[in-house]
file start.txt (compact mmCIF, N, CA and C atoms and all ligand atoms)
# COMPACT_ATOMS: atom_id res chain seq x y z
N MET Q 20 119.18 125.97 152.54
CA MET Q 20 118.72 124.58 152.73
C MET Q 20 117.32 124.58 153.35
N ILE Q 21 116.48 123.74 152.84
CA ILE Q 21 115.10 123.68 153.30
C ILE Q 21 115.02 122.92 154.63
N LYS Q 22 114.16 123.41 155.51
CA LYS Q 22 113.94 122.70 156.76
C LYS Q 22 112.85 121.65 156.52
N LEU Q 23 113.25 120.38 156.59
CA LEU Q 23 112.26 119.33 156.35
C LEU Q 23 111.58 118.93 157.65
N THR Q 24 110.53 119.62 157.96
CA THR Q 24 109.72 119.25 159.12
C THR Q 24 109.05 117.92 158.83
N ALA Q 25 108.53 117.28 159.85
CA ALA Q 25 107.84 115.99 159.66
C ALA Q 25 106.70 116.16 158.67
N GLN Q 26 106.01 117.30 158.72
CA GLN Q 26 104.89 117.54 157.82
C GLN Q 26 105.35 117.65 156.37
N ARG Q 27 106.45 118.41 156.16
CA ARG Q 27 106.96 118.54 154.79
C ARG Q 27 107.50 117.21 154.28
N GLN Q 28 108.09 116.43 155.19
CA GLN Q 28 108.59 115.11 154.80
C GLN Q 28 107.43 114.23 154.35
N ALA Q 29 106.31 114.31 155.06
CA ALA Q 29 105.14 113.52 154.70
C ALA Q 29 104.60 113.93 153.33
N ILE Q 30 104.60 115.23 153.06
CA ILE Q 30 104.16 115.74 151.75
C ILE Q 30 105.10 115.21 150.66
N LEU Q 31 106.40 115.34 150.90
CA LEU Q 31 107.41 114.90 149.94
C LEU Q 31 107.32 113.40 149.69
N ASP Q 32 107.19 112.62 150.76
CA ASP Q 32 107.10 111.15 150.61
C ASP Q 32 105.88 110.76 149.77
N THR Q 33 104.75 111.40 150.06
CA THR Q 33 103.52 111.08 149.33
C THR Q 33 103.71 111.34 147.84
N ILE Q 34 104.32 112.46 147.50
CA ILE Q 34 104.54 112.80 146.09
C ILE Q 34 105.57 111.85 145.46
N ASN Q 35 106.63 111.56 146.20
CA ASN Q 35 107.69 110.70 145.67
C ASN Q 35 107.25 109.26 145.47
N GLN Q 36 106.23 108.84 146.22
CA GLN Q 36 105.79 107.45 146.13
C GLN Q 36 104.73 107.23 145.05
N SER Q 37 104.50 108.24 144.22
CA SER Q 37 103.47 108.06 143.20
C SER Q 37 103.89 108.72 141.90
N ASN Q 38 103.16 108.41 140.85
CA ASN Q 38 103.41 109.03 139.56
C ASN Q 38 102.41 110.12 139.27
N GLN Q 39 101.62 110.48 140.27
CA GLN Q 39 100.54 111.44 140.06
C GLN Q 39 101.05 112.87 139.92
N HIS Q 40 100.18 113.68 139.36
CA HIS Q 40 100.40 115.12 139.31
C HIS Q 40 99.43 115.71 140.32
N TRP Q 41 99.95 116.00 141.49
CA TRP Q 41 99.10 116.30 142.64
C TRP Q 41 98.57 117.72 142.66
N ASP Q 42 97.29 117.79 142.93
CA ASP Q 42 96.61 119.03 143.22
C ASP Q 42 96.66 119.15 144.75
N ALA Q 43 96.81 120.36 145.29
CA ALA Q 43 96.97 120.53 146.74
C ALA Q 43 95.81 119.91 147.53
N GLU Q 44 94.59 120.06 147.02
CA GLU Q 44 93.43 119.54 147.75
C GLU Q 44 93.38 118.01 147.74
N VAL Q 45 93.74 117.42 146.60
CA VAL Q 45 93.79 115.96 146.51
C VAL Q 45 94.88 115.43 147.43
N LEU Q 46 95.99 116.13 147.46
CA LEU Q 46 97.10 115.75 148.34
C LEU Q 46 96.67 115.84 149.80
N ALA Q 47 95.93 116.88 150.14
CA ALA Q 47 95.44 117.05 151.51
C ALA Q 47 94.58 115.86 151.93
N ARG Q 48 93.72 115.41 151.00
CA ARG Q 48 92.87 114.25 151.29
C ARG Q 48 93.70 112.99 151.48
N ALA Q 49 94.69 112.78 150.61
CA ALA Q 49 95.55 111.60 150.70
C ALA Q 49 96.31 111.59 152.02
N LEU Q 50 96.82 112.74 152.42
CA LEU Q 50 97.58 112.83 153.66
C LEU Q 50 96.67 112.56 154.86
N SER Q 51 95.47 113.10 154.81
CA SER Q 51 94.54 112.89 155.90
C SER Q 51 94.10 111.43 155.96
N ASP Q 52 93.90 110.80 154.79
CA ASP Q 52 93.56 109.37 154.75
C ASP Q 52 94.70 108.52 155.33
N ALA Q 53 95.93 109.00 155.17
CA ALA Q 53 97.08 108.25 155.67
C ALA Q 53 97.36 108.56 157.14
N GLY Q 54 96.47 109.37 157.75
CA GLY Q 54 96.57 109.62 159.18
C GLY Q 54 97.34 110.87 159.58
N HIS Q 55 97.72 111.67 158.59
CA HIS Q 55 98.42 112.92 158.91
C HIS Q 55 97.38 114.03 159.06
N SER Q 56 97.53 114.84 160.09
CA SER Q 56 96.63 115.99 160.14
C SER Q 56 97.45 117.25 159.88
N ILE Q 57 97.42 117.67 158.62
CA ILE Q 57 98.17 118.84 158.19
C ILE Q 57 97.17 119.81 157.56
N GLY Q 58 97.14 121.01 158.08
CA GLY Q 58 96.20 122.02 157.55
C GLY Q 58 96.53 122.37 156.11
N ILE Q 59 95.51 122.79 155.38
CA ILE Q 59 95.68 123.08 153.95
C ILE Q 59 96.69 124.22 153.73
N ALA Q 60 96.71 125.22 154.61
CA ALA Q 60 97.66 126.34 154.46
C ALA Q 60 99.09 125.83 154.61
N THR Q 61 99.29 124.90 155.54
CA THR Q 61 100.62 124.31 155.74
C THR Q 61 101.03 123.50 154.52
N ILE Q 62 100.05 122.82 153.93
CA ILE Q 62 100.33 122.04 152.72
C ILE Q 62 100.75 122.97 151.58
N TYR Q 63 100.01 124.05 151.39
CA TYR Q 63 100.37 125.01 150.33
C TYR Q 63 101.76 125.58 150.56
N ARG Q 64 102.05 125.98 151.80
CA ARG Q 64 103.38 126.53 152.10
C ARG Q 64 104.47 125.49 151.90
N GLY Q 65 104.18 124.26 152.33
CA GLY Q 65 105.14 123.17 152.20
C GLY Q 65 105.44 122.87 150.73
N LEU Q 66 104.39 122.86 149.90
CA LEU Q 66 104.56 122.58 148.47
C LEU Q 66 105.45 123.65 147.84
N THR Q 67 105.19 124.91 148.18
CA THR Q 67 106.00 126.01 147.63
C THR Q 67 107.46 125.87 148.07
N ALA Q 68 107.68 125.55 149.33
CA ALA Q 68 109.05 125.40 149.85
C ALA Q 68 109.76 124.23 149.17
N LEU Q 69 109.04 123.12 148.99
CA LEU Q 69 109.64 121.94 148.34
C LEU Q 69 109.94 122.23 146.87
N GLU Q 70 109.05 123.00 146.24
CA GLU Q 70 109.28 123.37 144.84
C GLU Q 70 110.51 124.29 144.75
N ASP Q 71 110.58 125.29 145.62
CA ASP Q 71 111.72 126.22 145.61
C ASP Q 71 113.03 125.49 145.85
N ALA Q 72 112.98 124.42 146.64
CA ALA Q 72 114.19 123.66 146.96
C ALA Q 72 114.53 122.66 145.86
N GLY Q 73 113.67 122.58 144.83
CA GLY Q 73 113.94 121.67 143.72
C GLY Q 73 113.62 120.21 144.04
N LEU Q 74 112.92 119.97 145.14
CA LEU Q 74 112.63 118.59 145.55
C LEU Q 74 111.39 118.04 144.86
N ILE Q 75 110.53 118.92 144.36
CA ILE Q 75 109.38 118.50 143.56
C ILE Q 75 109.26 119.46 142.37
N GLU Q 76 108.54 119.01 141.34
CA GLU Q 76 108.32 119.84 140.15
C GLU Q 76 106.91 120.38 140.18
N ALA Q 77 106.74 121.59 139.70
CA ALA Q 77 105.40 122.17 139.61
C ALA Q 77 105.01 122.37 138.16
N ILE Q 78 103.77 122.08 137.87
CA ILE Q 78 103.20 122.39 136.56
C ILE Q 78 102.28 123.57 136.81
N HIS Q 79 102.49 124.66 136.09
CA HIS Q 79 101.72 125.87 136.33
C HIS Q 79 100.51 125.92 135.42
N LEU Q 80 99.33 125.81 136.00
CA LEU Q 80 98.09 125.85 135.23
C LEU Q 80 97.35 127.13 135.60
N GLY Q 81 97.72 128.23 134.99
CA GLY Q 81 97.11 129.50 135.35
C GLY Q 81 97.36 129.80 136.80
N ASP Q 82 96.30 129.97 137.59
CA ASP Q 82 96.47 130.30 139.01
C ASP Q 82 96.61 129.04 139.87
N LYS Q 83 96.55 127.87 139.24
CA LYS Q 83 96.67 126.62 139.99
C LYS Q 83 97.99 125.94 139.65
N LYS Q 84 98.45 125.10 140.56
CA LYS Q 84 99.65 124.33 140.30
C LYS Q 84 99.39 122.86 140.59
N ARG Q 85 100.09 122.00 139.87
CA ARG Q 85 100.07 120.57 140.16
C ARG Q 85 101.52 120.17 140.39
N TYR Q 86 101.71 119.20 141.27
CA TYR Q 86 103.07 118.85 141.66
C TYR Q 86 103.37 117.39 141.37
N GLU Q 87 104.63 117.12 141.00
CA GLU Q 87 105.06 115.76 140.76
C GLU Q 87 106.50 115.57 141.22
N ARG Q 88 106.91 114.29 141.27
CA ARG Q 88 108.28 113.94 141.64
C ARG Q 88 109.27 114.65 140.73
N SER Q 89 110.43 114.99 141.26
CA SER Q 89 111.41 115.70 140.45
C SER Q 89 112.45 114.76 139.84
N ASP Q 90 112.34 113.47 140.12
CA ASP Q 90 113.38 112.55 139.63
C ASP Q 90 112.98 111.83 138.34
N LYS Q 91 111.86 112.23 137.75
CA LYS Q 91 111.47 111.61 136.48
C LYS Q 91 112.31 112.22 135.36
N SER Q 92 112.46 111.47 134.27
CA SER Q 92 113.17 112.05 133.14
C SER Q 92 112.27 113.09 132.48
N HIS Q 93 112.87 113.97 131.69
CA HIS Q 93 112.11 115.08 131.13
C HIS Q 93 110.90 114.61 130.31
N HIS Q 94 109.78 115.27 130.53
CA HIS Q 94 108.58 114.96 129.75
C HIS Q 94 107.71 116.20 129.73
N ASP Q 95 106.74 116.20 128.83
CA ASP Q 95 105.77 117.30 128.78
C ASP Q 95 104.38 116.74 129.07
N HIS Q 96 103.37 117.60 129.05
CA HIS Q 96 102.06 117.20 129.56
C HIS Q 96 100.90 117.57 128.65
N LEU Q 97 99.92 116.67 128.62
CA LEU Q 97 98.61 116.93 128.00
C LEU Q 97 97.64 117.17 129.15
N VAL Q 98 96.92 118.26 129.13
CA VAL Q 98 96.06 118.63 130.25
C VAL Q 98 94.60 118.67 129.80
N CYS Q 99 93.76 117.82 130.41
CA CYS Q 99 92.33 117.82 130.06
C CYS Q 99 91.62 118.94 130.81
N ARG Q 100 90.96 119.82 130.08
CA ARG Q 100 90.24 120.94 130.70
C ARG Q 100 88.95 120.48 131.36
N VAL Q 101 88.45 119.30 130.97
CA VAL Q 101 87.18 118.81 131.50
C VAL Q 101 87.37 118.14 132.85
N CYS Q 102 88.22 117.11 132.91
CA CYS Q 102 88.37 116.34 134.15
C CYS Q 102 89.67 116.65 134.89
N GLY Q 103 90.55 117.42 134.28
CA GLY Q 103 91.80 117.78 134.95
C GLY Q 103 92.89 116.72 134.84
N ALA Q 104 92.62 115.63 134.12
CA ALA Q 104 93.62 114.58 133.97
C ALA Q 104 94.86 115.14 133.28
N ILE Q 105 96.02 114.66 133.71
CA ILE Q 105 97.27 115.08 133.10
C ILE Q 105 98.00 113.84 132.60
N GLU Q 106 98.33 113.85 131.33
CA GLU Q 106 99.05 112.73 130.76
C GLU Q 106 100.45 113.21 130.34
N GLU Q 107 101.42 112.30 130.43
CA GLU Q 107 102.79 112.66 130.10
C GLU Q 107 103.14 112.19 128.70
N PHE Q 108 103.98 112.94 128.03
CA PHE Q 108 104.51 112.46 126.76
C PHE Q 108 105.92 113.00 126.56
N PHE Q 109 106.63 112.36 125.66
CA PHE Q 109 107.96 112.82 125.28
C PHE Q 109 108.07 112.69 123.78
N ASP Q 110 108.46 113.75 123.12
CA ASP Q 110 108.60 113.70 121.68
C ASP Q 110 109.94 114.33 121.30
N ALA Q 111 110.84 113.47 120.82
CA ALA Q 111 112.21 113.91 120.54
C ALA Q 111 112.23 115.03 119.50
N HIS Q 112 111.30 114.97 118.55
CA HIS Q 112 111.26 115.97 117.49
C HIS Q 112 110.90 117.36 118.07
N ILE Q 113 109.90 117.38 118.94
CA ILE Q 113 109.51 118.64 119.59
C ILE Q 113 110.67 119.17 120.43
N GLU Q 114 111.33 118.28 121.17
CA GLU Q 114 112.47 118.70 121.99
C GLU Q 114 113.53 119.37 121.12
N GLN Q 115 113.86 118.71 120.01
CA GLN Q 115 114.91 119.23 119.12
C GLN Q 115 114.50 120.58 118.54
N ARG Q 116 113.25 120.70 118.14
CA ARG Q 116 112.78 121.95 117.53
C ARG Q 116 112.91 123.13 118.51
N GLN Q 117 112.67 122.85 119.78
CA GLN Q 117 112.77 123.92 120.78
C GLN Q 117 114.22 124.41 120.89
N HIS Q 118 115.15 123.46 120.83
CA HIS Q 118 116.56 123.86 120.86
C HIS Q 118 116.91 124.67 119.62
N ASP Q 119 116.36 124.25 118.47
CA ASP Q 119 116.61 124.98 117.22
C ASP Q 119 116.09 126.41 117.32
N VAL Q 120 114.89 126.57 117.85
CA VAL Q 120 114.29 127.91 117.97
C VAL Q 120 115.15 128.77 118.88
N ALA Q 121 115.57 128.21 120.03
CA ALA Q 121 116.39 128.98 120.97
C ALA Q 121 117.68 129.44 120.28
N LYS Q 122 118.27 128.53 119.52
CA LYS Q 122 119.53 128.83 118.84
C LYS Q 122 119.32 129.95 117.82
N GLN Q 123 118.21 129.84 117.10
CA GLN Q 123 117.87 130.82 116.09
C GLN Q 123 117.75 132.22 116.69
N TYR Q 124 117.25 132.29 117.93
CA TYR Q 124 117.08 133.57 118.62
C TYR Q 124 118.29 133.92 119.49
N GLU Q 125 119.36 133.16 119.35
CA GLU Q 125 120.56 133.32 120.17
C GLU Q 125 120.18 133.41 121.64
N PHE Q 126 119.32 132.48 122.02
CA PHE Q 126 118.78 132.43 123.36
C PHE Q 126 119.40 131.25 124.11
N GLN Q 127 119.95 131.54 125.31
CA GLN Q 127 120.56 130.47 126.11
C GLN Q 127 119.46 129.72 126.86
N MET Q 128 118.98 128.67 126.26
CA MET Q 128 117.85 127.92 126.83
C MET Q 128 118.33 127.08 128.01
N ASP Q 129 117.58 127.13 129.09
CA ASP Q 129 117.93 126.24 130.20
C ASP Q 129 116.76 125.38 130.65
N GLY Q 130 115.71 125.39 129.86
CA GLY Q 130 114.59 124.51 130.20
C GLY Q 130 113.33 124.96 129.47
N HIS Q 131 112.29 124.17 129.58
CA HIS Q 131 111.01 124.56 129.00
C HIS Q 131 109.91 123.75 129.65
N GLN Q 132 108.69 124.26 129.53
CA GLN Q 132 107.51 123.50 129.93
C GLN Q 132 106.55 123.59 128.78
N LEU Q 133 106.04 122.47 128.35
CA LEU Q 133 105.07 122.47 127.26
C LEU Q 133 103.79 121.81 127.77
N LEU Q 134 102.68 122.53 127.67
CA LEU Q 134 101.39 122.00 128.07
C LEU Q 134 100.48 122.01 126.85
N ILE Q 135 99.86 120.88 126.56
CA ILE Q 135 98.86 120.83 125.50
C ILE Q 135 97.50 120.74 126.19
N PHE Q 136 96.64 121.72 125.95
CA PHE Q 136 95.33 121.77 126.61
C PHE Q 136 94.24 121.22 125.68
N GLY Q 137 93.24 120.63 126.26
CA GLY Q 137 92.13 120.15 125.46
C GLY Q 137 91.26 119.17 126.23
N THR Q 138 90.73 118.19 125.51
CA THR Q 138 89.81 117.21 126.09
C THR Q 138 90.42 115.83 125.94
N CYS Q 139 90.50 115.08 127.04
CA CYS Q 139 91.11 113.75 126.98
C CYS Q 139 90.14 112.77 126.29
N LYS Q 140 90.69 111.61 125.92
CA LYS Q 140 89.91 110.61 125.19
C LYS Q 140 88.63 110.22 125.95
N GLN Q 141 88.75 109.97 127.26
CA GLN Q 141 87.59 109.56 128.06
C GLN Q 141 86.50 110.62 128.03
N CYS Q 142 86.90 111.86 128.28
CA CYS Q 142 85.91 112.94 128.31
C CYS Q 142 85.31 113.16 126.93
N PHE Q 143 86.13 113.05 125.90
CA PHE Q 143 85.65 113.24 124.53
C PHE Q 143 84.61 112.17 124.18
N ASN Q 144 84.93 110.90 124.53
CA ASN Q 144 84.00 109.81 124.25
C ASN Q 144 82.70 109.97 125.02
N ARG Q 145 82.80 110.47 126.26
CA ARG Q 145 81.62 110.69 127.08
C ARG Q 145 80.71 111.74 126.42
N THR Q 146 81.30 112.81 125.89
CA THR Q 146 80.48 113.84 125.23
C THR Q 146 79.81 113.27 123.99
N LYS Q 147 80.55 112.45 123.25
CA LYS Q 147 79.98 111.88 122.03
C LYS Q 147 78.79 111.00 122.37
N GLN Q 148 78.95 110.20 123.45
CA GLN Q 148 77.85 109.34 123.88
C GLN Q 148 76.64 110.17 124.28
N GLY Q 149 76.91 111.29 124.97
CA GLY Q 149 75.86 112.20 125.40
C GLY Q 149 75.08 112.74 124.22
N GLU Q 150 75.80 113.02 123.13
CA GLU Q 150 75.13 113.56 121.94
C GLU Q 150 74.20 112.52 121.31
N LYS Q 151 74.65 111.25 121.36
CA LYS Q 151 73.87 110.18 120.74
C LYS Q 151 72.58 109.90 121.52
N ALA Q 152 72.69 109.99 122.86
CA ALA Q 152 71.56 109.62 123.73
C ALA Q 152 70.38 110.58 123.53
ZN ZN Q 201 89.23 114.39 130.74
ZN ZN Q 202 104.58 114.73 134.64

call {"tool": "encode", "arguments": {"input": "start.txt", "output": "structure tokens", "more": "lines below"}}
Ligand SMILES: [Zn+2]
Ligand SMILES: [Zn+2]
result
Amino acid sequence: MIKLTAQRQAILDTINQSNQHWDAEVLARALSDAGHSIGIATIYRGLTALEDAGLIEAIHLGDKKRYERSDKSHHDHLVCRVCGAIEEFFDAHIEQRQHDVAKQYEFQMDGHQLLIFGTCKQCFNRTKQGEKA
């Protein structure tokens, strides 16, 4: 059982009260703006402990992680490499195909993470405008 210190509770509450996919540094700023003084190392340790306890979900982006509430229904993510924006989507056909693949490989599937990397609409439009100028 995880020990929910006041600091970890504050981290958990902040994540649970939003739909964001939190980066540790952005979270640190939000906590500090809300009047909590929690060191960045404590935040990193807290996030790992909360993730291990299943209280928050982590999206693994190479050596970085983003965190979100664990009570959302299953979804996957589009990740913008330019601005870091993360958008959620759900596609029943993709979900079904993954189960089919697992079955085909006689693999006991218990979950998946799907990340689509690229450039979001805003960033793409900005580049196009830049080319025109
Ligand atoms: Zn973007
Ligand atoms: Zn999400």

call {"tool": "select_by_dssp", "arguments": {"input": "start.txt", "residues": "chain Q", "states": "helix (DSSP H, G or I)", "output": "ChimeraX atom specification"}}
result
/Q:25-35,43-52,59-71,111-123,140-151

call {"tool": "closest_atom_pairs", "arguments": {"input": "start.txt", "of": "chain Q", "to": "ligand ZN 201 (chain Q)", "cutoff": "10 Å", "atoms": "only C-alpha atoms and all ligand atoms", "output": "Markdown table"}}
result
| residue | atom | partner | partner_atom | distance |
| --- | --- | --- | --- | --- |
| Q:Val98 | CA | Q:ZN201 | ZN | 8.1 |
| Q:Cys99 | CA | Q:ZN201 | ZN | 4.7 |
| Q:Arg100 | CA | Q:ZN201 | ZN | 6.6 |
| Q:Val101 | CA | Q:ZN201 | ZN | 4.9 |
| Q:Cys102 | CA | Q:ZN201 | ZN | 4.0 |
| Q:Gly103 | CA | Q:ZN201 | ZN | 6.0 |
| Q:Ala104 | CA | Q:ZN201 | ZN | 5.5 |
| Q:Ile105 | CA | Q:ZN201 | ZN | 8.4 |
| Q:Glu106 | CA | Q:ZN201 | ZN | 10.0 |
| Q:Gly137 | CA | Q:ZN201 | ZN | 8.3 |
| Q:Thr138 | CA | Q:ZN201 | ZN | 5.5 |
| Q:Cys139 | CA | Q:ZN201 | ZN | 4.3 |
| Q:Lys140 | CA | Q:ZN201 | ZN | 6.7 |
| Q:Gln141 | CA | Q:ZN201 | ZN | 5.8 |
| Q:Cys142 | CA | Q:ZN201 | ZN | 4.4 |
| Q:Phe143 | CA | Q:ZN201 | ZN | 7.3 |
| Q:Asn144 | CA | Q:ZN201 | ZN | 9.5 |
| Q:Arg145 | CA | Q:ZN201 | ZN | 9.2 |

call {"tool": "closest_residue", "arguments": {"input": "start.txt", "among": "Q:Ile21, Q:Ala53, Q:Ile75, Q:Ile135", "to": "Asn35 in chain Q", "atoms": "only C-alpha atoms"}}
result
Q:Ile75

call {"tool": "residues_near_ligand", "arguments": {"input": "start.txt", "ligand": "ligand ZN 202 (chain Q)", "cutoff": "7 Å", "atoms": "only C-alpha atoms and all ligand atoms", "output": "list in words"}}
result
His40, Glu87, His94, Asp95, His96 and Glu107 of chain Q

call {"tool": "atom_distance", "arguments": {"input": "start.txt", "atom1": "atom C of Asp129 in chain Q", "atom2": "atom N of Glu76 in chain Q"}}
result
14.9 Å
